[in-house]
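Remarks on the structure that follows.
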Amino acid sequence: MENNKNAHILGSINIQILCLNFDEAKKFYINNLGFFVTMDSITQFDSGPSRRLTMAHNYNKKFSIEFMHPSSTEQATRIGAKGGTINLFTLPARNIDALKERLEKTAFFIDYVEVPYASFLNLEDPMGNNIFLYEPC
């Protein structure tokens with residue numbers, strides 16, 4: 001029984017994303033990427049209030065993201081920095097053509113490619129992170 005419990009934990013993915021504007025990030029991820037809020041709370045510490053925002057993906061509940069305020073000036077300068085990766089993450093999408101239409105005239109849109117077997121959409125979130133979406137045909 002213990003092995004099954006650990007397999008469930010190992011199957012979960014959580015990405016922490018540095019963020020300055022939680023409301024803007026929350027709106028973008030809900031309206032465009034199929035996430036929903038699992039926790040949005042404010043905790044009071046001696047140093048002041050701290051907000052915790054976590055979200056899970058509608059189609060893959062084991063994939064979650066957590067937005068975090070930078071804890072230092074150095075972290076704040078890294079927001080949106082690619083850090084050696086091309087994309088923050090890759091997700092399957094539904095109705096990618098409608099999403100492309102909605103975002104193609106915004107700063108969030110980067111690139112769209114359609115091939116016989118799939119459509120691919122590359123976006124940038126409000127923090128400047130690249131996100132890659134695909135929808136098989």
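Simple scheme: letters A, B, ... for chains in structure tokens order, numbers from 1 for residues in each chain, numbers from 1 for ligands in the order shown.
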Just the strand (DSSP E or B) stuff from chain A, please, per backbone DSSP, written as an MDAnalysis selection string. chainID A and resid 13:18 35:45 48:57 63:68 89:92 109:115 118:124 130:136
May I have the residues within 12 Å of segment 88-99 of chain A as a PyMOL selection string, using only C-alpha atoms and disregarding those fewer than 4 positions away in the same chain? chain A and resi 13-18+28+31-35+57-60+63-65+79-84+103-106+108-109+112-114+118-125+127-137
I'd like a table as a tab-separated table: residues in segment 67-109 of chain A with an atom no more than 8 Å from segment 36-54 of chain A, each row giving the shortest atom pair and its distance in Å to one decimal, only C-alpha atoms counted, sorted by chain and rising residue number.
residue	atom	partner	partner_atom	distance
A:Phe67	CA	A:Leu53	CA	5.5
A:Met68	CA	A:Arg52	CA	6.7
A:His69	CA	A:Arg51	CA	7.8
Enumerate the residues of segment 23-123 of chain A with a DSSP assignment of helix (DSSP H, G or I), computed from the backbone, and present them as number ranges by chain. A: 23-33, 73-77, 96-103
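Taking atom CA of Ser72 of chain A and atom CA of Phe22 of chain A as endpoints, the distance between them is 17.0 Å.
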